[in-house]
Amino acid sequence: MLLFTLYLFIVVVAIQLAYYLIIFGKFAFAKAQKSNPKKISVSVIVCAKNEGENVAKYVPLLAEQDYPDFEIILIDDASSDNTLDIFEEFEKQYSNVRLVKVKNNEAFWGNKKYALTLGIKASKKDYLLFTDADCYPASKDWITTMSSQFTMHKTIVLGYGAYEKVANSFLNKIIRFETLLTAVQYFSWAKAGCPYMGIGRNLAYKKEEFFNVNGFISHIQVRSGDDDLFINQVAKSKNTALCYAPESFTYSQPKTKFKDWFTQKRRHVSTANLYKPFDKIQLALFYVSQLLFLILATVLLAFQYQWIIVLSLVGFRYLFTWITLGFSAGKLKEKDVMYWFPIIEIVLIFTQLNVFITNIFSKPVYWK
């Protein structure tokens with residue numbers, strides 16, 4: 001039995017190294033990006049529901065972008081706070097701000113996709129750049145840098161949405177490591193010719209991509225997934241580009257309580273069940289191999305079975321994982337989380353297991 005466990009462990013380590021060196025290495029060891037500004041018209045789209053405090057702080061930062069031709073579409077999704085009032089003031093203050101007011105619709109109540117659809121239809125520009133109401137751009141060149149990756153054939157641009165650093169917070173390091181790992185995955189698979197998701201905090205695509213598939217209609221009944229499910233449907237190797245220059249990042253405030261972050265993760269994970277078969281398989285294989293690596297290594301070392309071989313494989317795996325994620329963290333300005341890497345990874349693996357199990361027995365709460 002222990003011999004079989006050792007063989008299985010070797011296979012698992014091989015799978016992990018294949019992911020980190022062959023797949024994730026495509027992003028980790030890629031050259032730094034250069035911006036080649038384009039003269040295209042851009043609609044920045046922000047959908048908000050009861051985000052009065054955030055939009056008051058962050059919309060002015062969008063309006064101050066150094067870009068010659070852009071509009072800002074502010075979508076108020078039937079807010080019950082002062083979001084609409086603030087949006088109306090911005091519409092008066094900035095000539096390029098346009099307001100879309102969404103009233104509760106019985107058929108689509110609480111569905112962010114319905115609100116986004118109205119905003120997209122109201123936009124006047126050919127290229128759409130999305131961010132969330134609680135996000136702000138890293139620089140005044142956010143639009144310039146993101147739009148620079150569009151070409152005649154590249155009509156989708158995947159960006160990076162980071163979270164702010166919080167001093168002396170281990171939860172913050174977990175959140176940012178998980179965000180880093182997720183970005184490494186979707187950036188790397190896109191570079192490998194298999195794009196499968198993007199994030200609404202920083203995502204751009206040509207408007208025709210939206211209308212070519214009738215928008216969100218194929219998954220309108222799913223309240224989340226306006227970003228990842230849409231990209232999973234329309235993204236292909238030929239039409240998808242990446243943008244990971246630091247000027248293109250967006251930032252948002254992370255959760256400060258584990259319970260809130262756990263609830264957020266439940267929503268994110270639930271949409272993965274609707275991905276294309278290959279994408280579900282590669283994500284599941286990666287996670288299962290992570291979990292089995294920890295379990296099998298623990299069992300073999302507990303019995304001290306071929307412990308020299310086992311320890312060598314563990315060290316080999318951690319060395320190359322650290323190198324790959326370290327280079328990726330450097331690109332995405334998240335180097336500090338790598339100091340805690342082994343511990344954070346273990347916590348994250350078992351947190352994800354908890355999320356999967358919890359989602360089986362109860363449905364997560366979505367945008368209301």
# chains A, B, ... in the order shown; residues from 1 in each chain; ligands from 1

call {"tool": "select_by_dssp", "arguments": {"residues": "segment 118-291 of chain A", "states": "helix (DSSP H, G or I)", "output": "MDAnalysis selection string"}}
result
chainID A and resid 118:122 142:147 170:191 207:212 217:219 228:234 246:248 258:274 277:291

call {"tool": "select_by_dssp", "arguments": {"residues": "segment 88-220 of chain A", "states": "strand (DSSP E or B)", "output": "PDB file with C-alpha atoms, in the first residue's frame"}}
result
ATOM      1  CA  VAL A  97     -20.337  60.983 -17.936  1.00  0.00           C
ATOM      2  CA  ARG A  98     -23.603  59.338 -18.923  1.00  0.00           C
ATOM      3  CA  LEU A  99     -26.057  57.923 -16.407  1.00  0.00           C
ATOM      4  CA  VAL A 100     -28.170  54.807 -16.809  1.00  0.00           C
ATOM      5  CA  LYS A 101     -30.934  54.333 -14.245  1.00  0.00           C
ATOM      6  CA  VAL A 102     -32.114  50.774 -13.757  1.00  0.00           C
ATOM      7  CA  TYR A 127     -14.621  49.419 -27.087  1.00  0.00           C
ATOM      8  CA  LEU A 128     -15.810  48.689 -23.552  1.00  0.00           C
ATOM      9  CA  LEU A 129     -13.649  48.800 -20.419  1.00  0.00           C
ATOM     10  CA  PHE A 130     -15.187  47.436 -17.223  1.00  0.00           C
ATOM     11  CA  THR A 131     -14.408  47.944 -13.576  1.00  0.00           C
ATOM     12  CA  ASP A 132     -16.394  47.630 -10.349  1.00  0.00           C
ATOM     13  CA  CYS A 135     -12.275  49.759  -7.679  1.00  0.00           C
ATOM     14  CA  TYR A 136      -9.905  52.495  -8.766  1.00  0.00           C
ATOM     15  CA  PRO A 137      -7.155  52.564 -11.428  1.00  0.00           C
ATOM     16  CA  ILE A 156     -10.718  40.952 -25.678  1.00  0.00           C
ATOM     17  CA  VAL A 157      -8.202  42.197 -23.110  1.00  0.00           C
ATOM     18  CA  LEU A 158      -7.797  40.482 -19.736  1.00  0.00           C
ATOM     19  CA  GLY A 161      -7.565  43.510 -10.474  1.00  0.00           C
ATOM     20  CA  ALA A 162      -5.478  43.709  -7.319  1.00  0.00           C
ATOM     21  CA  TYR A 163      -6.426  44.246  -3.694  1.00  0.00           C
ATOM     22  CA  LEU A 203     -11.726  43.676 -18.275  1.00  0.00           C
ATOM     23  CA  ALA A 204     -12.122  45.074 -21.778  1.00  0.00           C
ATOM     24  CA  TYR A 205     -13.680  43.888 -25.004  1.00  0.00           C
ATOM     25  CA  LYS A 206     -15.038  45.217 -28.262  1.00  0.00           C
TER      26      LYS A 206
END

call {"tool": "closest_residue", "arguments": {"among": "A:Val13, A:Lys207, A:Leu171, A:Thr250", "to": "Leu61 of chain A", "atoms": "only C-alpha atoms"}}
result
A:Thr250

call {"tool": "residues_around", "arguments": {"residues": "Lys259 of chain A", "least_positions_apart": "4", "cutoff": "12 Å", "atoms": "only C-alpha atoms", "output": "ChimeraX atom specification"}}
result
/A:171,255,263-266,351,355

call {"tool": "write_last_selection", "arguments": {"atoms": "N, CA, C and O atoms", "output": "PDB file, in the first residue's frame"}}
result
ATOM      1  N   LEU A 171      -4.957  37.566   6.866  1.00  0.00           N
ATOM      2  CA  LEU A 171      -6.069  37.360   5.935  1.00  0.00           C
ATOM      3  C   LEU A 171      -5.824  38.127   4.639  1.00  0.00           C
ATOM      4  O   LEU A 171      -6.086  37.614   3.550  1.00  0.00           O
ATOM      5  N   LYS A 255     -11.719  42.264   1.679  1.00  0.00           N
ATOM      6  CA  LYS A 255     -12.500  41.942   2.866  1.00  0.00           C
ATOM      7  C   LYS A 255     -11.577  41.922   4.078  1.00  0.00           C
ATOM      8  O   LYS A 255     -10.405  41.555   3.990  1.00  0.00           O
ATOM      9  N   THR A 263     -17.671  34.048   2.008  1.00  0.00           N
ATOM     10  CA  THR A 263     -18.924  34.200   1.269  1.00  0.00           C
ATOM     11  C   THR A 263     -18.654  34.640  -0.165  1.00  0.00           C
ATOM     12  O   THR A 263     -19.281  34.155  -1.118  1.00  0.00           O
ATOM     13  N   GLN A 264     -17.710  35.576  -0.322  1.00  0.00           N
ATOM     14  CA  GLN A 264     -17.316  36.042  -1.653  1.00  0.00           C
ATOM     15  C   GLN A 264     -16.759  34.902  -2.492  1.00  0.00           C
ATOM     16  O   GLN A 264     -17.091  34.749  -3.665  1.00  0.00           O
ATOM     17  N   LYS A 265     -15.911  34.069  -1.879  1.00  0.00           N
ATOM     18  CA  LYS A 265     -15.317  32.941  -2.591  1.00  0.00           C
ATOM     19  C   LYS A 265     -16.383  31.925  -3.011  1.00  0.00           C
ATOM     20  O   LYS A 265     -16.275  31.317  -4.069  1.00  0.00           O
ATOM     21  N   ARG A 266     -17.389  31.744  -2.208  1.00  0.00           N
ATOM     22  CA  ARG A 266     -18.465  30.815  -2.556  1.00  0.00           C
ATOM     23  C   ARG A 266     -19.156  31.255  -3.844  1.00  0.00           C
ATOM     24  O   ARG A 266     -19.495  30.422  -4.690  1.00  0.00           O
ATOM     25  N   THR A 351      -9.231  25.906   2.689  1.00  0.00           N
ATOM     26  CA  THR A 351     -10.349  26.848   2.613  1.00  0.00           C
ATOM     27  C   THR A 351     -11.189  26.557   1.369  1.00  0.00           C
ATOM     28  O   THR A 351     -12.428  26.556   1.422  1.00  0.00           O
ATOM     29  N   VAL A 355     -15.082  25.555   0.912  1.00  0.00           N
ATOM     30  CA  VAL A 355     -16.001  26.262   0.008  1.00  0.00           C
ATOM     31  C   VAL A 355     -16.771  25.273  -0.857  1.00  0.00           C
ATOM     32  O   VAL A 355     -18.002  25.358  -0.991  1.00  0.00           O
TER      33      VAL A 355
END

call {"tool": "closest_residue", "arguments": {"among": "A:Asn239, A:Asn111, A:Asn172, A:Ser123", "to": "Phe258 of chain A", "atoms": "only C-alpha atoms"}}
result
A:Asn172
